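Trainee: Here you go, upload_36.cif (mmCIF, C-alpha atoms and all ligand atoms):
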data_data
#
loop_
_atom_site.label_atom_id
_atom_site.label_comp_id
_atom_site.auth_asym_id
_atom_site.auth_seq_id
_atom_site.Cartn_x
_atom_site.Cartn_y
_atom_site.Cartn_z
CA MET A 324 46.87 -5.52 10.42
CA ASN A 325 44.82 -6.18 7.26
CA ILE A 326 42.76 -9.35 7.24
CA LEU A 327 41.05 -10.86 4.23
CA VAL A 328 37.86 -12.77 5.08
CA ILE A 329 36.89 -15.46 2.59
CA ASN A 330 33.64 -17.39 2.21
CA ALA A 331 34.24 -19.97 -0.52
CA GLY A 332 31.33 -21.82 -2.10
CA SER A 333 31.44 -24.46 -4.82
CA SER A 334 31.20 -21.89 -7.62
CA SER A 335 31.71 -18.62 -5.76
CA VAL A 336 34.08 -16.76 -3.47
CA LYS A 337 32.94 -13.82 -1.32
CA TYR A 338 35.56 -11.58 0.27
CA GLN A 339 35.94 -8.65 2.67
CA LEU A 340 39.20 -6.92 3.48
CA TYR A 341 39.39 -5.46 7.02
CA ASP A 342 41.77 -2.95 8.52
CA MET A 343 41.78 -4.35 12.07
CA LYS A 344 42.98 -1.12 13.67
CA THR A 345 39.63 0.48 12.86
CA GLU A 346 37.64 -2.66 11.89
CA PHE A 347 36.84 -0.77 8.70
CA VAL A 348 35.98 -2.72 5.54
CA LEU A 349 38.52 -1.48 2.97
CA ALA A 350 36.94 -3.45 0.12
CA LYS A 351 34.53 -6.28 -0.47
CA GLY A 352 33.18 -8.29 -3.34
CA ARG A 353 32.51 -11.67 -4.86
CA VAL A 354 33.47 -13.94 -7.69
CA GLU A 355 30.55 -15.90 -9.13
CA ARG A 356 30.17 -18.62 -11.76
CA ILE A 357 33.63 -20.12 -11.13
CA GLY A 358 34.21 -22.96 -13.60
CA MET A 359 31.39 -21.76 -15.88
CA ASP A 360 31.51 -19.45 -18.87
CA SER A 361 31.35 -15.72 -18.13
CA SER A 362 32.55 -15.70 -14.51
CA ILE A 363 31.84 -12.37 -12.79
CA LEU A 364 33.98 -10.46 -10.30
CA THR A 365 32.16 -7.69 -8.43
CA HIS A 366 34.29 -5.36 -6.31
CA GLU A 367 33.18 -2.55 -3.99
CA VAL A 368 35.10 0.17 -2.19
CA ASP A 369 33.34 2.68 0.06
CA HIS A 370 31.97 5.74 -1.81
CA GLN A 371 33.07 4.41 -5.19
CA PRO A 372 31.04 2.90 -8.00
CA GLU A 373 30.95 -0.90 -8.03
CA VAL A 374 33.41 -2.54 -10.45
CA ARG A 375 32.22 -5.55 -12.50
CA GLU A 376 34.57 -7.67 -14.54
CA VAL A 377 33.49 -10.60 -16.70
CA SER A 378 36.14 -13.18 -17.64
CA GLU A 379 36.80 -16.90 -17.64
CA ILE A 380 37.70 -18.10 -14.13
CA LEU A 381 38.13 -21.85 -14.19
CA ASP A 382 39.02 -22.59 -10.58
CA HIS A 383 39.28 -21.16 -7.07
CA THR A 384 43.03 -20.50 -7.35
CA THR A 385 42.42 -18.23 -10.33
CA ALA A 386 39.47 -16.62 -8.51
CA ILE A 387 41.67 -15.71 -5.51
CA LYS A 388 44.38 -14.44 -7.88
CA LYS A 389 41.77 -12.16 -9.53
CA VAL A 390 40.64 -10.90 -6.11
CA LEU A 391 44.25 -10.11 -5.13
CA ASP A 392 44.83 -8.36 -8.47
CA MET A 393 41.73 -6.26 -7.84
CA LEU A 394 42.75 -5.41 -4.25
CA THR A 395 46.11 -4.13 -5.56
CA HIS A 396 44.71 -2.63 -8.80
CA ARG A 397 46.17 0.80 -9.63
CA LYS A 398 42.73 2.39 -9.99
CA PHE A 399 40.26 0.21 -8.04
CA GLY A 400 42.58 -1.32 -5.44
CA VAL A 401 43.09 -0.39 -1.78
CA LEU A 402 46.52 -1.98 -1.18
CA ARG A 403 49.91 -1.18 -2.62
CA ASN A 404 51.09 -4.76 -2.44
CA ILE A 405 49.63 -8.17 -1.59
CA ALA A 406 52.23 -8.31 1.20
CA ASP A 407 49.88 -5.82 2.95
CA ILE A 408 47.52 -8.74 3.69
CA GLN A 409 48.76 -10.17 6.98
CA ALA A 410 46.22 -12.98 7.49
CA VAL A 411 43.23 -14.70 5.91
CA GLY A 412 40.14 -15.95 7.77
CA HIS A 413 37.79 -18.51 6.23
CA ARG A 414 34.20 -19.32 7.02
CA VAL A 415 33.80 -23.10 7.33
CA VAL A 416 30.30 -24.50 7.74
CA HIS A 417 31.00 -27.75 9.57
CA GLY A 418 33.50 -28.30 12.35
CA GLY A 419 31.78 -31.45 13.67
CA GLU A 420 32.76 -32.35 17.22
CA THR A 421 36.41 -31.70 16.44
CA PHE A 422 36.28 -27.90 16.53
CA SER A 423 34.68 -25.95 19.34
CA ARG A 424 36.54 -22.74 18.47
CA SER A 425 38.37 -21.05 15.61
CA VAL A 426 41.87 -22.34 14.80
CA LEU A 427 44.85 -21.58 12.60
CA VAL A 428 45.14 -23.79 9.53
CA ASP A 429 47.83 -26.46 9.52
CA ALA A 430 48.12 -29.94 7.99
CA GLN A 431 46.21 -31.57 10.86
CA VAL A 432 43.36 -29.03 10.68
CA LYS A 433 43.03 -29.60 6.93
CA LEU A 434 42.89 -33.35 7.51
CA GLU A 435 40.16 -32.93 10.13
CA ILE A 436 38.09 -30.68 7.84
CA ARG A 437 38.39 -33.30 5.10
CA LYS A 438 37.14 -35.96 7.51
CA LEU A 439 34.01 -33.86 7.92
CA PHE A 440 33.16 -33.84 4.19
CA ASP A 441 30.45 -36.47 4.83
CA LEU A 442 28.63 -34.16 7.24
CA ALA A 443 28.70 -31.13 4.91
CA PRO A 444 29.19 -32.51 1.40
CA LEU A 445 28.16 -29.28 -0.32
CA HIS A 446 30.11 -26.87 1.85
CA ASN A 447 33.30 -28.24 3.39
CA PRO A 448 34.91 -29.36 0.08
CA ALA A 449 34.32 -25.86 -1.29
CA HIS A 450 35.90 -24.27 1.80
CA MET A 451 38.93 -26.54 1.35
CA MET A 452 39.25 -25.31 -2.23
CA GLY A 453 39.26 -21.77 -0.85
CA ILE A 454 42.01 -22.62 1.67
CA ALA A 455 44.13 -24.31 -1.03
CA ALA A 456 43.61 -21.36 -3.38
CA VAL A 457 44.86 -18.90 -0.74
CA GLU A 458 47.81 -21.18 0.01
CA ALA A 459 48.72 -21.20 -3.69
CA ASN A 460 48.55 -17.42 -3.97
CA LEU A 461 49.80 -16.34 -0.53
CA PRO A 462 51.98 -19.23 0.70
CA GLU A 463 53.51 -17.27 3.59
CA VAL A 464 50.29 -15.82 4.99
CA PRO A 465 48.68 -17.48 8.05
CA GLN A 466 45.11 -18.65 7.61
CA ALA A 467 42.41 -19.26 10.21
CA VAL A 468 39.13 -21.16 10.00
CA VAL A 469 35.96 -20.08 11.80
CA PHE A 470 33.22 -22.70 12.01
CA ASP A 471 29.43 -22.19 11.86
CA THR A 472 28.98 -25.09 14.26
CA ALA A 473 31.69 -24.28 16.84
CA PHE A 474 29.64 -21.94 19.04
CA HIS A 475 27.01 -24.66 19.56
CA GLN A 476 29.52 -27.25 20.80
CA SER A 477 28.64 -26.10 24.33
CA MET A 478 25.16 -27.70 24.01
CA PRO A 479 24.57 -30.44 26.61
CA ALA A 480 23.90 -34.01 25.43
CA SER A 481 20.22 -33.59 26.31
CA SER A 482 20.05 -30.87 23.64
CA PHE A 483 22.29 -32.38 20.99
CA LEU A 484 21.32 -36.07 20.97
CA TYR A 485 18.52 -37.49 18.85
CA ALA A 486 16.39 -40.13 20.57
CA ILE A 487 17.58 -42.88 18.23
CA PRO A 488 19.92 -45.83 18.90
CA THR A 489 23.11 -44.33 20.32
CA VAL A 490 25.24 -46.60 18.16
CA LEU A 491 24.43 -44.20 15.30
CA TYR A 492 25.94 -41.36 17.27
CA ARG A 493 29.01 -43.38 18.23
CA LYS A 494 29.61 -44.79 14.74
CA HIS A 495 28.57 -41.91 12.51
CA GLN A 496 28.34 -38.86 14.80
CA ILE A 497 24.63 -38.51 14.03
CA ARG A 498 23.64 -35.72 16.42
CA ARG A 499 22.53 -32.11 16.36
CA TYR A 500 25.29 -29.60 15.59
CA GLY A 501 23.45 -26.36 14.86
CA PHE A 502 24.60 -23.65 12.43
CA HIS A 503 24.76 -19.83 12.15
CA GLY A 504 27.00 -20.09 15.25
CA THR A 505 29.11 -17.11 14.24
CA SER A 506 25.99 -14.97 14.01
CA HIS A 507 24.42 -16.21 17.28
CA ASP A 508 27.77 -15.64 19.01
CA TYR A 509 28.17 -12.13 17.55
CA VAL A 510 24.65 -10.87 18.26
CA SER A 511 24.52 -12.34 21.76
CA LYS A 512 27.73 -10.50 22.71
CA LYS A 513 26.47 -7.30 21.06
CA SER A 514 23.17 -7.62 22.95
CA ALA A 515 24.92 -7.98 26.31
CA GLU A 516 27.01 -4.91 25.46
CA PHE A 517 23.86 -2.99 24.48
CA LEU A 518 22.04 -4.02 27.66
CA GLY A 519 25.11 -3.07 29.71
CA ARG A 520 25.09 -6.41 31.53
CA PRO A 521 27.69 -9.19 31.70
CA ILE A 522 26.73 -11.96 29.27
CA GLU A 523 27.36 -14.52 32.04
CA THR A 524 24.22 -13.23 33.79
CA LEU A 525 21.89 -13.29 30.80
CA LYS A 526 19.35 -15.67 29.28
CA LEU A 527 19.03 -14.76 25.60
CA ILE A 528 17.03 -16.14 22.69
CA THR A 529 18.64 -15.14 19.42
CA CYS A 530 16.62 -15.47 16.21
CA HIS A 531 18.74 -15.46 13.04
CA ILE A 532 15.99 -15.08 10.45
CA GLY A 533 17.36 -14.85 6.93
CA ASN A 534 17.08 -17.08 3.93
CA GLY A 535 18.23 -19.82 6.29
CA ALA A 536 16.80 -19.38 9.79
CA SER A 537 17.56 -20.63 13.28
CA CYS A 538 16.86 -19.76 16.91
CA ALA A 539 19.29 -20.32 19.75
CA ALA A 540 18.91 -20.46 23.53
CA ILE A 541 22.00 -18.76 24.91
CA LEU A 542 22.42 -19.36 28.61
CA HIS A 543 25.06 -17.23 30.34
CA GLY A 544 26.93 -16.67 27.07
CA LYS A 545 26.95 -20.28 25.91
CA SER A 546 24.73 -22.01 23.37
CA PHE A 547 22.36 -24.26 25.30
CA ASP A 548 20.16 -25.30 22.39
CA THR A 549 19.53 -24.34 18.78
CA SER A 550 16.91 -25.18 16.21
CA MET A 551 19.07 -26.48 13.34
CA GLY A 552 20.26 -30.05 13.71
CA MET A 553 22.69 -32.42 12.07
CA THR A 554 22.04 -30.40 8.91
CA PRO A 555 20.48 -26.95 8.43
CA LEU A 556 17.15 -28.57 7.47
CA GLU A 557 15.82 -28.97 11.01
CA GLY A 558 13.97 -26.33 12.99
CA LEU A 559 12.24 -23.22 11.69
CA MET A 560 10.38 -22.92 8.41
CA MET A 561 12.76 -21.15 6.01
CA GLY A 562 12.80 -19.64 2.52
CA THR A 563 12.92 -23.00 0.76
CA ARG A 564 13.49 -25.48 3.63
CA SER A 565 10.67 -27.26 5.42
CA GLY A 566 12.16 -27.15 8.91
CA ASP A 567 10.76 -29.63 11.46
CA LEU A 568 8.59 -32.42 10.11
CA ASP A 569 7.64 -35.99 10.91
CA PRO A 570 10.50 -38.11 9.48
CA ALA A 571 7.94 -40.76 8.46
CA ILE A 572 6.87 -38.35 5.71
CA VAL A 573 10.06 -39.24 3.84
CA PRO A 574 9.38 -42.96 3.18
CA PHE A 575 5.64 -42.23 2.78
CA THR A 576 6.29 -39.65 0.04
CA ILE A 577 8.83 -41.89 -1.68
CA ASN A 578 6.19 -44.63 -1.92
CA LYS A 579 3.23 -42.49 -2.85
CA GLU A 580 4.96 -40.21 -5.38
CA ASP A 581 7.46 -42.75 -6.69
CA LEU A 582 10.32 -40.40 -5.88
CA THR A 583 13.94 -41.21 -5.08
CA LEU A 584 15.54 -40.35 -1.77
CA ASN A 585 17.55 -37.61 -3.46
CA GLU A 586 14.42 -36.10 -4.96
CA VAL A 587 12.70 -35.95 -1.55
CA ASN A 588 15.85 -34.48 -0.02
CA SER A 589 15.88 -31.82 -2.69
CA MET A 590 12.14 -31.17 -2.20
CA LEU A 591 12.64 -30.58 1.54
CA ASN A 592 15.69 -28.34 1.08
CA LYS A 593 14.89 -26.42 -2.09
CA HIS A 594 11.16 -26.53 -2.79
CA SER A 595 9.52 -26.24 0.63
CA GLY A 596 9.17 -23.51 3.27
CA LEU A 597 7.85 -20.06 2.33
CA LEU A 598 8.12 -20.91 -1.35
CA ALA A 599 5.92 -24.01 -1.12
CA ILE A 600 3.21 -22.59 1.13
CA SER A 601 2.94 -19.13 -0.47
CA GLY A 602 3.36 -20.39 -4.04
CA VAL A 603 4.82 -16.92 -4.60
CA SER A 604 8.47 -16.76 -3.57
CA SER A 605 11.09 -17.77 -1.01
CA ASP A 606 11.82 -14.08 -0.49
CA MET A 607 9.97 -12.63 2.48
CA ARG A 608 9.61 -9.22 0.82
CA GLU A 609 7.65 -10.74 -2.07
CA VAL A 610 5.56 -12.86 0.29
CA VAL A 611 4.64 -9.80 2.37
CA ASP A 612 3.80 -7.80 -0.78
CA ALA A 613 1.55 -10.61 -2.03
CA MET A 614 -0.10 -10.89 1.41
CA ASN A 615 -0.79 -7.15 1.42
CA GLU A 616 -2.43 -7.52 -1.99
CA GLY A 617 -4.79 -10.12 -0.52
CA ASN A 618 -3.08 -13.39 -1.47
CA ALA A 619 -4.40 -15.92 1.09
CA ASN A 620 -1.58 -18.44 0.56
CA ALA A 621 1.04 -15.75 1.15
CA LYS A 622 -0.77 -14.81 4.39
CA LEU A 623 -0.78 -18.44 5.53
CA ALA A 624 2.95 -18.79 4.73
CA PHE A 625 3.73 -15.61 6.67
CA GLU A 626 1.69 -16.76 9.68
CA MET A 627 3.19 -20.27 9.71
CA TYR A 628 6.69 -18.85 9.44
CA ALA A 629 6.12 -16.53 12.42
CA TYR A 630 4.23 -19.17 14.43
CA ARG A 631 7.18 -21.54 14.31
CA ILE A 632 9.57 -18.86 15.55
CA ARG A 633 7.13 -18.09 18.38
CA LYS A 634 6.97 -21.77 19.35
CA TYR A 635 10.76 -21.97 19.57
CA ILE A 636 10.87 -18.81 21.69
CA GLY A 637 8.35 -20.38 24.09
CA ALA A 638 10.32 -23.62 24.18
CA TYR A 639 13.63 -21.90 24.84
CA ALA A 640 12.18 -19.68 27.57
CA ALA A 641 11.10 -22.93 29.26
CA ALA A 642 14.46 -24.60 28.55
CA MET A 643 16.34 -21.78 30.31
CA ASP A 644 13.71 -21.15 33.00
CA GLY A 645 13.23 -17.60 31.73
CA VAL A 646 14.50 -15.10 29.22
CA ASP A 647 15.95 -11.61 29.56
CA ALA A 648 15.97 -10.63 25.89
CA ILE A 649 14.81 -11.90 22.52
CA VAL A 650 17.08 -10.78 19.69
CA PHE A 651 16.19 -10.55 16.00
CA THR A 652 18.89 -10.55 13.34
CA ALA A 653 19.69 -11.32 9.64
CA GLY A 654 17.79 -10.27 6.48
CA VAL A 655 14.21 -10.86 7.65
CA GLY A 656 14.83 -10.42 11.39
CA GLU A 657 16.53 -7.04 10.92
CA ASN A 658 14.25 -5.65 8.21
CA SER A 659 10.71 -6.93 8.65
CA ALA A 660 8.79 -5.07 11.37
CA ALA A 661 5.66 -7.00 10.30
CA LEU A 662 7.32 -10.35 11.02
CA ARG A 663 8.56 -9.19 14.44
CA THR A 664 5.04 -7.99 15.32
CA GLU A 665 3.54 -11.30 14.23
CA VAL A 666 6.09 -13.31 16.26
CA CYS A 667 5.72 -11.23 19.42
CA LYS A 668 1.93 -10.79 19.32
CA SER A 669 1.17 -13.56 21.83
CA LEU A 670 4.27 -13.39 23.97
CA SER A 671 2.60 -11.10 26.49
CA PHE A 672 2.50 -14.04 28.95
CA LEU A 673 6.31 -13.73 29.04
CA GLY A 674 5.99 -9.99 29.63
CA VAL A 675 6.85 -8.93 26.07
CA HIS A 676 5.29 -5.62 24.98
CA LEU A 677 6.40 -4.25 21.62
CA ASP A 678 6.56 -0.53 21.00
CA GLU A 679 5.30 -0.32 17.43
CA THR A 680 6.95 3.05 16.74
CA ARG A 681 10.32 1.67 17.81
CA ASN A 682 9.63 -1.54 15.89
CA ALA A 683 8.94 0.40 12.70
CA GLY A 684 12.21 2.37 12.97
CA ARG A 685 15.50 1.47 11.31
CA SER A 686 19.10 1.69 12.41
CA PRO A 687 22.42 0.04 11.61
CA GLU A 688 23.01 -0.05 15.40
CA PRO A 689 21.48 -2.42 17.98
CA ARG A 690 18.14 -1.11 19.33
CA ARG A 691 15.33 -1.99 21.72
CA ILE A 692 11.84 -2.30 20.22
CA THR A 693 9.86 -2.93 23.42
CA THR A 694 8.16 -0.44 25.75
CA GLU A 695 9.79 0.70 29.00
CA GLN A 696 7.32 -1.53 30.89
CA SER A 697 8.17 -4.71 28.96
CA ARG A 698 9.59 -7.34 31.33
CA VAL A 699 11.55 -8.96 28.50
CA ASP A 700 13.54 -6.81 26.08
CA VAL A 701 13.20 -7.42 22.36
CA LEU A 702 16.21 -6.19 20.42
CA VAL A 703 17.11 -5.84 16.76
CA VAL A 704 20.85 -6.39 16.38
CA PRO A 705 22.40 -6.35 12.89
CA THR A 706 24.63 -9.37 12.49
CA ASN A 707 28.17 -9.25 11.13
CA GLU A 708 29.61 -12.71 10.64
CA GLU A 709 32.54 -11.42 8.58
CA LEU A 710 33.65 -9.09 11.36
CA LEU A 711 33.61 -11.93 13.88
CA ILE A 712 35.69 -14.07 11.48
CA ALA A 713 38.15 -11.17 11.11
CA ARG A 714 38.32 -10.69 14.90
CA ASP A 715 38.91 -14.39 15.60
CA THR A 716 41.60 -14.50 12.91
CA TYR A 717 43.24 -11.39 14.36
CA GLU A 718 43.36 -12.91 17.86
CA LEU A 719 44.84 -16.18 16.56
CA VAL A 720 47.48 -14.44 14.46
CA LYS A 721 48.42 -12.10 17.34
CA GLY A 722 48.93 -15.22 19.46
CA LEU A 723 51.11 -16.70 16.74
CA GLU A 724 53.28 -13.56 16.64
CA ALA A 725 53.58 -13.50 20.43
CA ASN A 726 54.72 -17.16 20.41
CA THR A 727 57.38 -16.57 17.76
CA ARG A 728 58.79 -13.48 19.46
P1 LIG V 801 19.96 -13.19 4.63
O1 LIG V 801 19.96 -14.64 4.34
O2 LIG V 801 20.25 -12.85 6.04
O3 LIG V 801 20.78 -12.37 3.66
O4 LIG V 801 18.45 -12.71 4.39
C1 LIG V 801 17.91 -12.72 3.13
C2 LIG V 801 16.41 -12.55 3.22
O5 LIG V 801 16.07 -11.35 3.92
C3 LIG V 801 15.79 -12.38 1.85
O6 LIG V 801 15.44 -13.61 1.30
C4 LIG V 801 14.56 -11.55 2.14
O7 LIG V 801 13.45 -12.42 2.20
C5 LIG V 801 14.77 -10.96 3.50
N1 LIG V 801 14.62 -9.51 3.55
C6 LIG V 801 15.53 -8.55 3.23
N2 LIG V 801 14.98 -7.32 3.40
C7 LIG V 801 13.70 -7.49 3.82
C8 LIG V 801 12.62 -6.63 4.17
N3 LIG V 801 12.75 -5.31 4.11
N4 LIG V 801 11.47 -7.19 4.57
C9 LIG V 801 11.32 -8.52 4.63
N5 LIG V 801 12.30 -9.39 4.33
C10 LIG V 801 13.48 -8.90 3.92
#
Starting from the file, lay out its structure as structure tokens.
Ligand code: AMP
Mentor:
Amino acid sequence: MNILVINAGSSSVKYQLYDMKTEFVLAKGRVERIGMDSSILTHEVDHQPEVREVSEILDHTTAIKKVLDMLTHRKFGVLRNIADIQAVGHRVVHGGETFSRSVLVDAQVKLEIRKLFDLAPLHNPAHMMGIAAVEANLPEVPQAVVFDTAFHQSMPASSFLYAIPTVLYRKHQIRRYGFHGTSHDYVSKKSAEFLGRPIETLKLITCHIGNGASCAAILHGKSFDTSMGMTPLEGLMMGTRSGDLDPAIVPFTINKEDLTLNEVNSMLNKHSGLLAISGVSSDMREVVDAMNEGNANAKLAFEMYAYRIRKYIGAYAAAMDGVDAIVFTAGVGENSAALRTEVCKSLSFLGVHLDETRNAGRSPEPRRITTEQSRVDVLVVPTNEELLIARDTYELVKGLEANTR
């Protein structure tokens, strides 16, 4: 079965086509600048030069049509016919309290996703455009949706509630949802597999440290707590997001700087984090380079960034009454040995002892970076959200076929 995984943004569509027999990525790519002049389609097939096509792509339906044309292209394609795509899986950021697992798309599911537009105004409408665009191009093909929030629906009320009047939760569902669920789910299962232990026996802390960043406490295979909240702004310091801060700073800044609420919101989401403290970049590579050249602000940004991860690890070890393994994943977590060293440097009280040679190594496979004596394992596990979306879609579509037999 071939499954097309789609991640639709407001002006972009990313795609990966999987052969589920081998879980091999047949092709992947992205359409950018949808609705603007000079839209770009970039298409990659293993061992072949990347193809780039510039044209005018006014909407998501045309973008998906272009992707399908490319996948079946005589020279650059990997399929003979679009009928060779048996299912489509979409990433959807917000599933609210409605979705605690992946589901097949039907009229009711679309209605529920629309109801959640308020909670994810930048993301969910774009995902719906992606779903409609696939429907227009492949009307007979089943579609599934995989939510970033679903994995965290197992959090207990003591983790997900804010200590504010509960009427706000009842009326407007103001609560913590958490994000990066697909990644935390994927790497926690991979870690259990790597450790050779049933996930139901493990206490894991997964650290998804990329441009966006979050930690999760995963108790016996279920999310018990996570650092992002009602929106992805809460928790760790990120590339451009502030993470945790005193909410009183918002009205204070509005008064002192004569800013609007939207301007402060944009400051906290787009102009804070590593970028604000380093004054250099939101990209960890550039911050580390500047730090190594002696830039004191870059050093402070790097240390703050790591310190906050360390604090969450300490908190989650306490929340679960222990931890068996700490897992690093995503762009920074997988690639920056310096960041992992900085985070783990005062976790010896937990029994964490990094092996710096292992830490400095690289591998596309999960690996342990602690010494044999370390009481807690620290792992680096490359994440693969697209593969999990493809797997969930595959399971749902197999169920559909079994039911119609
Ligand atoms: P992601 O959001 O998971 O794609 O991660 C993107 C981030 O990973 C980028 O903003 C970079 O800061 C970071 N990154 C990628 N490679 C490295 C590296 N070798 N060292 C430090 N950070 C890296």
Trainee: Please build the interface table for chain A against ligand LIG 801 (chain V) with a cut-off of 9 Å, listing for each qualifying residue the nearest atom pair and the distance in Å to one decimal; count all atoms listed in the file, order rows by chain and increasing number, and write it as a Markdown table.
Mentor:
| residue | atom | partner | partner_atom | distance |
| --- | --- | --- | --- | --- |
| A:His531 | CA | V:LIG801 | O2 | 7.6 |
| A:Ile532 | CA | V:LIG801 | O2 | 6.5 |
| A:Gly533 | CA | V:LIG801 | O4 | 3.5 |
| A:Asn534 | CA | V:LIG801 | O1 | 3.8 |
| A:Gly535 | CA | V:LIG801 | O1 | 5.8 |
| A:Ala536 | CA | V:LIG801 | O1 | 7.9 |
| A:Gly562 | CA | V:LIG801 | O6 | 6.7 |
| A:Ser604 | CA | V:LIG801 | O7 | 8.8 |
| A:Ser605 | CA | V:LIG801 | O6 | 6.4 |
| A:Asp606 | CA | V:LIG801 | O7 | 3.6 |
| A:Met607 | CA | V:LIG801 | O7 | 3.5 |
| A:Arg608 | CA | V:LIG801 | C9 | 4.2 |
| A:Glu609 | CA | V:LIG801 | O7 | 7.4 |
| A:Val610 | CA | V:LIG801 | O7 | 8.1 |
| A:Val611 | CA | V:LIG801 | C9 | 7.2 |
| A:Thr652 | CA | V:LIG801 | O2 | 7.8 |
| A:Ala653 | CA | V:LIG801 | O2 | 4.0 |
| A:Gly654 | CA | V:LIG801 | O5 | 3.3 |
| A:Val655 | CA | V:LIG801 | N5 | 4.1 |
| A:Gly656 | CA | V:LIG801 | N5 | 7.6 |
| A:Glu657 | CA | V:LIG801 | C7 | 7.7 |
| A:Asn658 | CA | V:LIG801 | N3 | 4.4 |
| A:Ser659 | CA | V:LIG801 | N4 | 4.2 |
| A:Ala660 | CA | V:LIG801 | N4 | 7.6 |
| A:Ala661 | CA | V:LIG801 | C9 | 8.2 |
| A:Leu662 | CA | V:LIG801 | C9 | 7.8 |
| A:Thr706 | CA | V:LIG801 | O2 | 8.5 |
Trainee: Distance atom CA of Met551 of chain A-atom CA of Ser506 of chain A, one decimal place?
Mentor: 13.4 Å
Trainee: List as a tab-separated table (two decimals) with C-alpha atoms, keeping the file's coordinate frame the protein and nucleic acid residues near segment 394-408 of chain A, meaning an atom at most 7 Å away when all atoms listed in the file are counted, but skip any in the same chain fewer than 5 places from it.
Mentor:
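result08.tsv written:
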chain	number	residue	atom	x	y	z
A	325	ASN	CA	44.82	-6.18	7.26
A	326	ILE	CA	42.76	-9.35	7.24
A	327	LEU	CA	41.05	-10.86	4.23
A	349	LEU	CA	38.52	-1.48	2.97
Trainee: Excluding segment 379-381 of chain A and residues on its chain fewer than 6 positions from it, collect all residues at most 10 Å away from it, counting all atoms listed in the file, and give them as a CSV table (one decimal) with C-alpha atoms, keeping the file's coordinate frame.
Mentor:
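As a result, out-v1.csv now contains:
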chain,number,residue,atom,x,y,z
A,334,SER,CA,31.2,-21.9,-7.6
A,354,VAL,CA,33.5,-13.9,-7.7
A,355,GLU,CA,30.6,-15.9,-9.1
A,356,ARG,CA,30.2,-18.6,-11.8
A,357,ILE,CA,33.6,-20.1,-11.1
A,358,GLY,CA,34.2,-23.0,-13.6
A,359,MET,CA,31.4,-21.8,-15.9
A,360,ASP,CA,31.5,-19.4,-18.9
A,361,SER,CA,31.4,-15.7,-18.1
A,362,SER,CA,32.6,-15.7,-14.5
A,363,ILE,CA,31.8,-12.4,-12.8
A,364,LEU,CA,34.0,-10.5,-10.3
A,387,ILE,CA,41.7,-15.7,-5.5
A,388,LYS,CA,44.4,-14.4,-7.9
A,389,LYS,CA,41.8,-12.2,-9.5
Trainee: Write out as a PyMOL selection string the residues lying within 9 Å of segment 482-488 of chain A, counting all atoms listed in the file and excluding same-chain residues fewer than 5 positions away.
Mentor: chain A and resi 476+497-501+547-549+552-553
Trainee: Take the residues from that selection and write them out as a compact mmCIF listing (two decimals), in the frame of the given file, keeping C-alpha atoms.
Mentor:
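Just written: result-v4.txt:
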# COMPACT_ATOMS: atom_id res chain seq x y z
CA GLN A 476 29.52 -27.25 20.80
CA ILE A 497 24.63 -38.51 14.03
CA ARG A 498 23.64 -35.72 16.42
CA ARG A 499 22.53 -32.11 16.36
CA TYR A 500 25.29 -29.60 15.59
CA GLY A 501 23.45 -26.36 14.86
CA PHE A 547 22.36 -24.26 25.30
CA ASP A 548 20.16 -25.30 22.39
CA THR A 549 19.53 -24.34 18.78
CA GLY A 552 20.26 -30.05 13.71
CA MET A 553 22.69 -32.42 12.07
Trainee: Please measure the separation of atom CA of Gly637 of chain A and atom CA of Leu673 of chain A, giving the value in Å to one decimal.
Mentor: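 That distance, rounded to one decimal, is 8.5 Å.
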Trainee: Which residues of segment 419-473 of chain A have any atom within 10 Å of an atom in segment 707-722 of chain A when counting only C-alpha atoms, and what is the closest pair of atoms for each, with the distance in Å to one decimal? Order the rows by chain and rising number and write it as CSV.
Mentor:
residue,atom,partner,partner_atom,distance
A:Arg424,CA,A:Asp715,CA,9.1
A:Ser425,CA,A:Asp715,CA,6.7
A:Val426,CA,A:Leu719,CA,7.1
A:Leu427,CA,A:Leu719,CA,6.7
A:Val464,CA,A:Val720,CA,10.0
A:Pro465,CA,A:Val720,CA,7.2
A:Gln466,CA,A:Thr716,CA,7.6
A:Ala467,CA,A:Thr716,CA,5.5
A:Val468,CA,A:Thr716,CA,7.7
A:Val469,CA,A:Ile712,CA,6.0
A:Phe470,CA,A:Ile712,CA,9.0
A:Asp471,CA,A:Glu708,CA,9.6
Trainee: Determine, counting only C-alpha atoms, which protein, DNA and RNA residues have an atom within 7 Å of an atom of segment 594-601 of chain A; residues of the same chain fewer than 2 positions away are not included. Present the result as a VMD selection string.
Mentor: chain A and resid 560 to 565 590 to 592 603 to 605 610 620 to 621 624
Trainee: Pick the closest to Asp429 of chain A from A:Tyr639, A:Lys351, A:Ala455, A:Val328: which is it, counting only C-alpha atoms?
Mentor: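 The shortest atom-to-atom distance to Asp429 of chain A comes from A:Ala455.
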Trainee: Would you compute the distance between atom CA of His417 of chain A and atom CA of Val510 of chain A? Give it in Å to one decimal.
Mentor: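 Atom CA of Val510 of chain A lies at a distance of 20.0 Å from atom CA of His417 of chain A.
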